[in-house]
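What follows is a single structure, written as structure tokens, with notes after it.
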Amino acid sequence: MLTAQFIRENRDRVARDMTNRGADVDLDRVISLDEQRRAAIQEVEALRADRNAASKLIGQTRDPDERNRRIESQREVNTLLETSEASLKETESALHELLLTIPNVLDPAVPVGKDESENVVVETVGEPRSFGFSPRPHWELGELLGGIDFERGVKMSGSRFFVLRGGVARLHRALIQWMLNSHVAEGFEEAYVPYMLNEESLIASGQLPKFRDNLYHDDEEDYFFIPTAEVALVNLYRDEIIEPGMLPMRLTAHTPCFRREKMSAGRDVRGIKRVHQFEKVEMFVYCEPGESEAELDRLVKQARSLPEALEIPYRVLALCSADVGFNATRTFDIEMHAPGADEWLEVSSASNCLDFQARRANIRYRSEAGGPTRFPHMLNASGLGLVRTLVAVMENYQQEDGSIEVPAVLRPYAGTARIEPANA
């Protein structure tokens with residue numbers, strides 16, 4: 001969360017970044033409320049000082065009539081103080097609610113662009129595969145393999161739900177286990193987190209209030225189903241002070257993710273590329289402010305290592321200003337090539353959020369015992385997202401008969417070298 005002080009002291013930068021994001025933010029309202037808040041604080045402090053001084057005089061007064069006059073005068077001060085405190089509380093609440101809706105500032109290196117079409121391809125690694133036949137899209141492969149059942153998924157739940165079966169389900173599981181092990185081998189601590197969180201957690205992570213319509217919510221228990229493990233990992237240390245020596249803290253977690261996808265209506269409707277429930281392996285970092293640029297590079301490198309190990313062509317994109325997420329100051333996407341549909345599929349977003357989420361979650365750290373507290377920087381990256389990684393594997397490793405050759409790195413996890421068609 002940006003503070004009112006930061007906005008006041010960096011108004012031109014914030015205004016420029018919000019314009020470049022395409023965000024409609026009333027900075028005048030922020031500054032006006034902040035001025036009201038500061039004036040109200042001065043008024044409350046002055047009245048409290050008057051009350052304390054009057055209380056002291058009452059205690060020193062021996063004359064009954066004078067004492068009663070001062071007590072009556074004190075009642076008037078108390079009434080004014082109560083009114084001023086209520087006004088201050090109302091102003092602070094309005095300012096806080098407004099600040100929660102303002103996205104993060106942008107890193108100066110972020111390219112300016114009006115939408116995702118202006119994201120910048122930083123690097124492309126590998127060439128799209130050549131086949132001696134016309135490669136099939138994953139929804140056709142899934143049918144041939146008996147591995148993706150759209151009809152029963154829709155029957156049980158509705159549109160954009162599916163069932164994985166047999167070898168495709170094992171391949172999906174193998175990808176998850178392999179990715180977790182890859183991250184743990186690089187120094188990330190594995191975590192298992194709740195899949196349902198309270199509203200305070202969603203506010204802290206930045207999903208609320210902006211993205212409420214995209215979240216699944218249990219009205220009876222007031223739980224939100226997580227849209228990503230990032231939300232849970234942000235809140236591990238909410239309202240805590242992280243002790244010296246614990247940073248940087250690198251975590252990884254596998255969770256299902258639940259999203260309404262209302263913002264994506266009409267996009268990627270075929271197959272399983274954009275669905276309401278999917279799996280993801282997440283990487284997350286808490287670090288000191290001076291380390292976050294290096295940690296972002298580390299996350300991008302780790303995310304890139306997975307398509308490299310799978311030997312699937314991929315590319316790295318620097319997201320433009322209008323496509324950088326609400327919480328992030330800078331984001332790089334990793335996209336893998338899917339030859340069946342001849343498209344690039346986003347499988348990872350790696351973002352530096354600076355102290356934006358730490359402030360919302362009131363997470364601080366100390367560099368040394370007894371030292372001052374500061375807000376850590378937080379970063380996140382998909383490592384990687386399913387089911388698009390599954391789609392990329394299926395389409396890149398398909399054979400002419402519809403079978404899927406299992407990539408070498410996944411065979412110990414999948415327990416097979418090939419997934420055969422259902423009628424083989």
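We name chains A, B, ... following the order of the structure tokens; residues begin at 1 in each chain, and ligands are numbered from 1 as shown.
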
Residue neighbourhood A:Glu82, 9 Å, only C-alpha atoms, exclusion window fewer than 5 positions, as a ChimeraX atom specification:
/A:44,77,87

Neighbours of A:Asp34 within 9 Å (only C-alpha atoms; same-chain residues fewer than 2 positions away dropped), as an MDAnalysis selection string?
chainID A and resid 4:5 8 29:32 36:39 91:92 95

Between atom CA of A:Glu395 and atom CA of A:His138, what is the spacing in Å?
6.0 Å

Per-residue nearest contacts of stretch 136-230 of chain A to stretch 100-122 of chain A (10 Å; only C-alpha atoms) as a tab-separated table:
```
residue	atom	partner	partner_atom	distance
A:Ile203	CA	A:Leu100	CA	8.0
A:Ala204	CA	A:Leu100	CA	9.3
A:Gly206	CA	A:Leu100	CA	7.8
A:Gln207	CA	A:Leu100	CA	10.0
A:Leu208	CA	A:Leu100	CA	8.1
A:Pro209	CA	A:Thr101	CA	6.8
A:Lys210	CA	A:Thr101	CA	6.4
```

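If only C-alpha atoms are the atoms counted, then among A:Ala350, A:Leu379, A:Leu306, A:Val387 the closest residue to A:Glu291 is A:Leu379.
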
Could you please determine the separation between atom CA of A:Phe224 and atom CA of A:Ser201 in Å, to one decimal place?
9.2 Å

If you run DSSP on the backbone here, which positions in stretch 28-230 of chain A get strand (DSSP E)? Please write them as number ranges by chain.
A: 120-125, 148-149, 163-164, 189-191, 196-197, 216-218, 223-225

Please determine, counting only C-alpha atoms, which residue among A:Asp63, A:Glu76, A:Glu127, A:Glu346 has the shortest atom-to-atom distance to A:Pro313.
A:Glu127

Proximity check stretch 161-226 of chain A to stretch 237-254 of chain A, 7 Å, nearest pairs one decimal Å, only C-alpha atoms, as JSON lines:
```
{"residue": "A:His183", "atom": "CA", "partner": "A:Thr252", "partner_atom": "CA", "distance": 7.0}
{"residue": "A:Phe188", "atom": "CA", "partner": "A:Leu251", "partner_atom": "CA", "distance": 4.9}
{"residue": "A:Glu189", "atom": "CA", "partner": "A:Leu251", "partner_atom": "CA", "distance": 4.6}
{"residue": "A:Glu190", "atom": "CA", "partner": "A:Thr252", "partner_atom": "CA", "distance": 4.8}
{"residue": "A:Ala191", "atom": "CA", "partner": "A:Ala253", "partner_atom": "CA", "distance": 5.1}
{"residue": "A:Tyr192", "atom": "CA", "partner": "A:Ala253", "partner_atom": "CA", "distance": 6.0}
```

Could you list, as an NGL selection string, every residue within 7 Å of A:Arg388, counting only C-alpha atoms and ignoring same-chain residues fewer than 6 positions away?
:A and (273 or 345 or 347)

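If you measure from each of A:Glu343, A:Asp323, A:Glu293, A:Glu288 to A:Pro376 using only C-alpha atoms, the closest one turns out to be A:Glu288.
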
Restricting the calculation to only C-alpha atoms: of A:Trp344, A:Phe161, A:Trp178, A:Phe284, which residue gets closest to A:Asn235?
A:Phe284

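Take the candidates A:Asn52, A:Asn396, A:Thr228, A:Asn20 and check each one against A:Gly340 using only C-alpha atoms; the shortest distance goes to A:Asn396.
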
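Taking atom CA of A:Glu368 and atom CA of A:Ala294 as the two end points, the separation is 21.6 Å.
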
A:Leu410 environment, 9 Å, only C-alpha atoms, sequence neighbours closer than 5 positions dropped, as a CSV table (one decimal) with C-alpha atoms, in the first residue's frame:
```
chain,number,residue,atom,x,y,z
A,171,LEU,CA,1.8,-36.4,-16.0
A,174,ALA,CA,4.6,-35.5,-12.1
A,175,LEU,CA,5.0,-31.9,-13.2
A,178,TRP,CA,9.2,-32.3,-10.1
A,310,LEU,CA,11.7,-29.7,-20.3
A,415,GLY,CA,6.5,-43.8,-13.9
A,416,THR,CA,6.4,-44.2,-17.7
A,417,ALA,CA,8.2,-43.0,-20.8
```

A:Cys287, A:Ile226, A:Ile334, A:Leu141: which is nearest A:Pro194, counting only C-alpha atoms?
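Looking only at the distances to A:Pro194, the closest residue turns out to be A:Ile226.
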